[in-house]
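So the structure is just underneath, and the comments pick up after that.
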Amino acid sequence: MKKSQVLAILALALAMGLTTPIASVFATEGEVIDNTAVVDGVSEDTNTTSAPQSDDAGDDSAAGAADGITENVAPVSTPAPVTTTSVANEADLQMAINDTNITEITLTGDITVSSTLTINRAADQVLVIKLAGHTISGGASTDFRIFSVTRGNVRFENGTIDASASAGGIAIKIVGHDDTGSGTDDGSWVYIDGDVTIKAGSTSSAYGVAIYPQPGTNKAGFSGVTLKGKIDATDGSNGITVLGSVKDTAYVPNISVMGGAEINAGDTGIYAAGFSCTYVGESTVRGATGITAKAGYITVAENALVEGTGAFTPVPDGATLNNNGAEPTGAGIQVESNGAYAGKVNIIIAGDSTIKSATGPAIYGYGDRANHEAIESVIIEEGSKLVAGAGQEAIAGVAKDSIENIEKYDPGQGEEKPADKKVEKAPGTGVVAATENSAQKTASVMAAIATALTVAGTAVVIRRNALCNAKKN
């Protein structure tokens, strides 16, 4: 090919932006065209000081393919979304919460918020909030809520969430969901790590954590809280509650207090007003009343302690019951029979655990028992203890046929009954021999709890407590 022909083709190629490919095709072995040597048909740039070529492919692709020439053009990479961020103030914190690409937020200092921080994520998404030793405090207005988790899963690590400035303050509000009625696709779960402290407000209407139903329904779906840290509600408030308006018994919220957690409350440690499944394992729940149940399942296991420290105040038959809170009786666990709530209370004490009252019965039932008996069963496994106040019964106000296998208890005088000796029936207390399936019931509960919720890395893996689903009725 004549040089004039080559130059003409090069001029056309320059106009089309095809200089290198065209030149390479028409060059012969050993020729050098514009500092590009062609060896065995492959071009090698010999000008090491030239500027890098543009990544712009222009119209090369179609033209090259038409001539049987293919060119690998590197795709333009899209930057991956930012998934972690650090925040120092309320506005940045809420902005990071709203950005669903963000899965990890780290505080760089203490933050006081003036309005509720709402978390609304996909039901299968996990947001980790690393407090990093800092405190998020709420406002002083009545009934202030610091966090409202309306959907999604949140894990709090290493710091304090403090709602104590508000008389009715709630540190974390969890809103349940069951949009489709299946109970499996929605929900909100909060995981509170072992190095986190939650502080509630200062009155009996205040809570560290409160679980609400889906607005306009009596359902909370598979929502819940796992507490491994501490709740400080000693100013007359409560630890954790499920609102009494939660009455659906098919798919129920869970309270899991485990792994060395501590709840200390001036009123009630756990108030299970709504139908829910509460598990306390290897932890301490202490309040003027330890646990109040108006509905659902209560399991205490793994050497846990539930203690009522208040003065025993019995509720007389026929008394007007409180439909907006618990009666402070001072019991370790108290059960209120009240037709305004879902009832169906089942209690299991296992794994060398202790239910204790400083001045009253360890377990105490009261309310409208003639018309709305709430207690279906009480199972006390061998090795567990009921410690009553001086002169009080271990269990009072519970029907005989509801109780299985009371093996030993401390009557409050410091003298423990041996495990092989049955406790004699006392007035108001029923004692029957263990049924053959009581141990099986406890084993099934423990197996479900063992896989209830685990943490893998920074992600929260949620597994539901099978007890609540198996015992729908």
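FYI, nothing fancy with the structure tokens labels: chains A, B, ... in order, residues from 1 per chain, ligands from 1 as they appear.
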Q.
Could you list, as JSON, numbers by chain, every residue within 9 Å of Gly308 of chain A, counting only C-alpha atoms and ignoring same-chain residues fewer than 4 positions away?
A. {"A": [268, 269, 285, 286, 287, 288, 289, 290, 291, 312, 329, 330, 331, 332, 333, 355, 356, 357, 358, 359, 360, 362]}
Take the residues from that selection and write them out as a PDB file, in the first residue's frame, keeping N, CA, C and O atoms.
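Okay, this is what ended up in result.pdb:
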ATOM      1  N   THR A 268     -42.057  -1.997  87.969  1.00  0.00           N
ATOM      2  CA  THR A 268     -42.066  -3.395  87.530  1.00  0.00           C
ATOM      3  C   THR A 268     -40.917  -3.656  86.569  1.00  0.00           C
ATOM      4  O   THR A 268     -40.687  -2.873  85.632  1.00  0.00           O
ATOM      5  N   GLY A 269     -40.208  -4.757  86.780  1.00  0.00           N
ATOM      6  CA  GLY A 269     -39.087  -5.087  85.902  1.00  0.00           C
ATOM      7  C   GLY A 269     -39.551  -5.365  84.482  1.00  0.00           C
ATOM      8  O   GLY A 269     -39.085  -4.748  83.523  1.00  0.00           O
ATOM      9  N   VAL A 285     -33.803  -9.835  86.844  1.00  0.00           N
ATOM     10  CA  VAL A 285     -34.905  -8.877  86.677  1.00  0.00           C
ATOM     11  C   VAL A 285     -35.387  -8.527  88.081  1.00  0.00           C
ATOM     12  O   VAL A 285     -35.878  -9.384  88.813  1.00  0.00           O
ATOM     13  N   ARG A 286     -35.247  -7.271  88.441  1.00  0.00           N
ATOM     14  CA  ARG A 286     -35.568  -6.852  89.808  1.00  0.00           C
ATOM     15  C   ARG A 286     -36.394  -5.564  89.760  1.00  0.00           C
ATOM     16  O   ARG A 286     -36.070  -4.629  89.028  1.00  0.00           O
ATOM     17  N   GLY A 287     -37.461  -5.546  90.542  1.00  0.00           N
ATOM     18  CA  GLY A 287     -38.289  -4.348  90.631  1.00  0.00           C
ATOM     19  C   GLY A 287     -39.106  -4.399  91.900  1.00  0.00           C
ATOM     20  O   GLY A 287     -39.045  -5.380  92.659  1.00  0.00           O
ATOM     21  N   ALA A 288     -39.897  -3.350  92.171  1.00  0.00           N
ATOM     22  CA  ALA A 288     -40.821  -3.431  93.289  1.00  0.00           C
ATOM     23  C   ALA A 288     -41.666  -4.694  93.126  1.00  0.00           C
ATOM     24  O   ALA A 288     -41.942  -5.418  94.087  1.00  0.00           O
ATOM     25  N   THR A 289     -42.056  -4.980  91.875  1.00  0.00           N
ATOM     26  CA  THR A 289     -42.543  -6.295  91.457  1.00  0.00           C
ATOM     27  C   THR A 289     -41.626  -6.765  90.337  1.00  0.00           C
ATOM     28  O   THR A 289     -41.307  -5.983  89.429  1.00  0.00           O
ATOM     29  N   GLY A 290     -41.208  -8.032  90.395  1.00  0.00           N
ATOM     30  CA  GLY A 290     -40.263  -8.507  89.385  1.00  0.00           C
ATOM     31  C   GLY A 290     -40.880  -8.545  87.999  1.00  0.00           C
ATOM     32  O   GLY A 290     -40.452  -7.831  87.080  1.00  0.00           O
ATOM     33  N   ILE A 291     -41.896  -9.389  87.816  1.00  0.00           N
ATOM     34  CA  ILE A 291     -42.600  -9.518  86.539  1.00  0.00           C
ATOM     35  C   ILE A 291     -44.103  -9.465  86.805  1.00  0.00           C
ATOM     36  O   ILE A 291     -44.595 -10.159  87.699  1.00  0.00           O
ATOM     37  N   PHE A 312     -45.268  -6.154 100.274  1.00  0.00           N
ATOM     38  CA  PHE A 312     -46.370  -6.963  99.765  1.00  0.00           C
ATOM     39  C   PHE A 312     -47.697  -6.260 100.030  1.00  0.00           C
ATOM     40  O   PHE A 312     -48.036  -5.940 101.169  1.00  0.00           O
ATOM     41  N   THR A 329     -47.652  -5.263  93.828  1.00  0.00           N
ATOM     42  CA  THR A 329     -47.894  -6.155  94.973  1.00  0.00           C
ATOM     43  C   THR A 329     -46.620  -6.555  95.696  1.00  0.00           C
ATOM     44  O   THR A 329     -46.678  -7.042  96.819  1.00  0.00           O
ATOM     45  N   GLY A 330     -45.468  -6.413  95.068  1.00  0.00           N
ATOM     46  CA  GLY A 330     -44.218  -6.835  95.699  1.00  0.00           C
ATOM     47  C   GLY A 330     -43.851  -8.283  95.443  1.00  0.00           C
ATOM     48  O   GLY A 330     -42.843  -8.770  95.960  1.00  0.00           O
ATOM     49  N   ALA A 331     -44.634  -9.009  94.632  1.00  0.00           N
ATOM     50  CA  ALA A 331     -44.340 -10.418  94.347  1.00  0.00           C
ATOM     51  C   ALA A 331     -43.159 -10.544  93.383  1.00  0.00           C
ATOM     52  O   ALA A 331     -42.793  -9.589  92.693  1.00  0.00           O
ATOM     53  N   GLY A 332     -42.586 -11.751  93.358  1.00  0.00           N
ATOM     54  CA  GLY A 332     -41.563 -12.014  92.354  1.00  0.00           C
ATOM     55  C   GLY A 332     -42.184 -12.016  90.969  1.00  0.00           C
ATOM     56  O   GLY A 332     -41.757 -11.277  90.071  1.00  0.00           O
ATOM     57  N   ILE A 333     -43.205 -12.860  90.797  1.00  0.00           N
ATOM     58  CA  ILE A 333     -44.025 -12.849  89.575  1.00  0.00           C
ATOM     59  C   ILE A 333     -45.476 -12.743  90.012  1.00  0.00           C
ATOM     60  O   ILE A 333     -45.945 -13.541  90.827  1.00  0.00           O
ATOM     61  N   ILE A 355     -37.157 -17.456  91.916  1.00  0.00           N
ATOM     62  CA  ILE A 355     -38.190 -16.420  91.950  1.00  0.00           C
ATOM     63  C   ILE A 355     -38.328 -16.008  93.411  1.00  0.00           C
ATOM     64  O   ILE A 355     -38.581 -16.841  94.283  1.00  0.00           O
ATOM     65  N   LYS A 356     -38.189 -14.736  93.674  1.00  0.00           N
ATOM     66  CA  LYS A 356     -38.053 -14.291  95.061  1.00  0.00           C
ATOM     67  C   LYS A 356     -38.890 -13.043  95.323  1.00  0.00           C
ATOM     68  O   LYS A 356     -39.010 -12.158  94.468  1.00  0.00           O
ATOM     69  N   SER A 357     -39.450 -12.986  96.520  1.00  0.00           N
ATOM     70  CA  SER A 357     -40.098 -11.770  96.998  1.00  0.00           C
ATOM     71  C   SER A 357     -39.556 -11.447  98.373  1.00  0.00           C
ATOM     72  O   SER A 357     -39.422 -12.335  99.231  1.00  0.00           O
ATOM     73  N   ALA A 358     -39.265 -10.188  98.601  1.00  0.00           N
ATOM     74  CA  ALA A 358     -38.729  -9.787  99.904  1.00  0.00           C
ATOM     75  C   ALA A 358     -39.777  -9.892 100.997  1.00  0.00           C
ATOM     76  O   ALA A 358     -39.455 -10.212 102.152  1.00  0.00           O
ATOM     77  N   THR A 359     -41.049  -9.654 100.640  1.00  0.00           N
ATOM     78  CA  THR A 359     -42.083  -9.591 101.684  1.00  0.00           C
ATOM     79  C   THR A 359     -43.350 -10.379 101.350  1.00  0.00           C
ATOM     80  O   THR A 359     -44.207 -10.537 102.219  1.00  0.00           O
ATOM     81  N   GLY A 360     -43.486 -10.853 100.107  1.00  0.00           N
ATOM     82  CA  GLY A 360     -44.726 -11.507  99.704  1.00  0.00           C
ATOM     83  C   GLY A 360     -44.496 -12.873  99.092  1.00  0.00           C
ATOM     84  O   GLY A 360     -43.408 -13.452  99.201  1.00  0.00           O
ATOM     85  N   ALA A 362     -43.691 -15.666  96.255  1.00  0.00           N
ATOM     86  CA  ALA A 362     -42.817 -15.663  95.080  1.00  0.00           C
ATOM     87  C   ALA A 362     -43.658 -15.525  93.816  1.00  0.00           C
ATOM     88  O   ALA A 362     -43.315 -14.765  92.902  1.00  0.00           O
TER      89      ALA A 362
END
Q: Please provide as a ChimeraX atom specification all residues within 12 Å of Gly281 of chain A, with the sequence filter that same-chain residues fewer than 2 positions apart are discarded (counting only C-alpha atoms).
A: /A:226-228,255-262,278-279,283-285,298-306,348-354,445-446,449-450,452
Q | atom CA of Gly266 of chain A to atom CA of Val335 of chain A, straight-line distance in Å | A | 18.5 Å
Report as a PDB file with C-alpha atoms, in the first residue's frame all protein, DNA and RNA residues lying within 9 Å of Ala122 of chain A, evaluated on only C-alpha atoms, omitting residues in the same chain fewer than 5 positions from it.
ATOM      1  CA  THR A 100     -31.125   2.870  53.754  1.00  0.00           C
ATOM      2  CA  ARG A 151     -39.827  -1.540  60.961  1.00  0.00           C
ATOM      3  CA  GLY A 152     -36.513  -3.328  60.585  1.00  0.00           C
ATOM      4  CA  ASN A 153     -33.837  -4.633  62.936  1.00  0.00           C
ATOM      5  CA  ASP A 186     -42.871  -7.893  58.892  1.00  0.00           C
TER       6      ASP A 186
END
Q: Kindly indicate which residue among A:Thr112, A:Leu131, A:Ala210, A:Lys199 lies nearest to Val149 of chain A, using only C-alpha atoms for the distances.
A: A:Ala210
Q) Could you state the separation of atom CA of Ile102 of chain A and atom CA of Asp143 of chain A in Å, given to one decimal place? A)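 We find that atom CA of Ile102 of chain A and atom CA of Asp143 of chain A lie 29.0 Å from each other.
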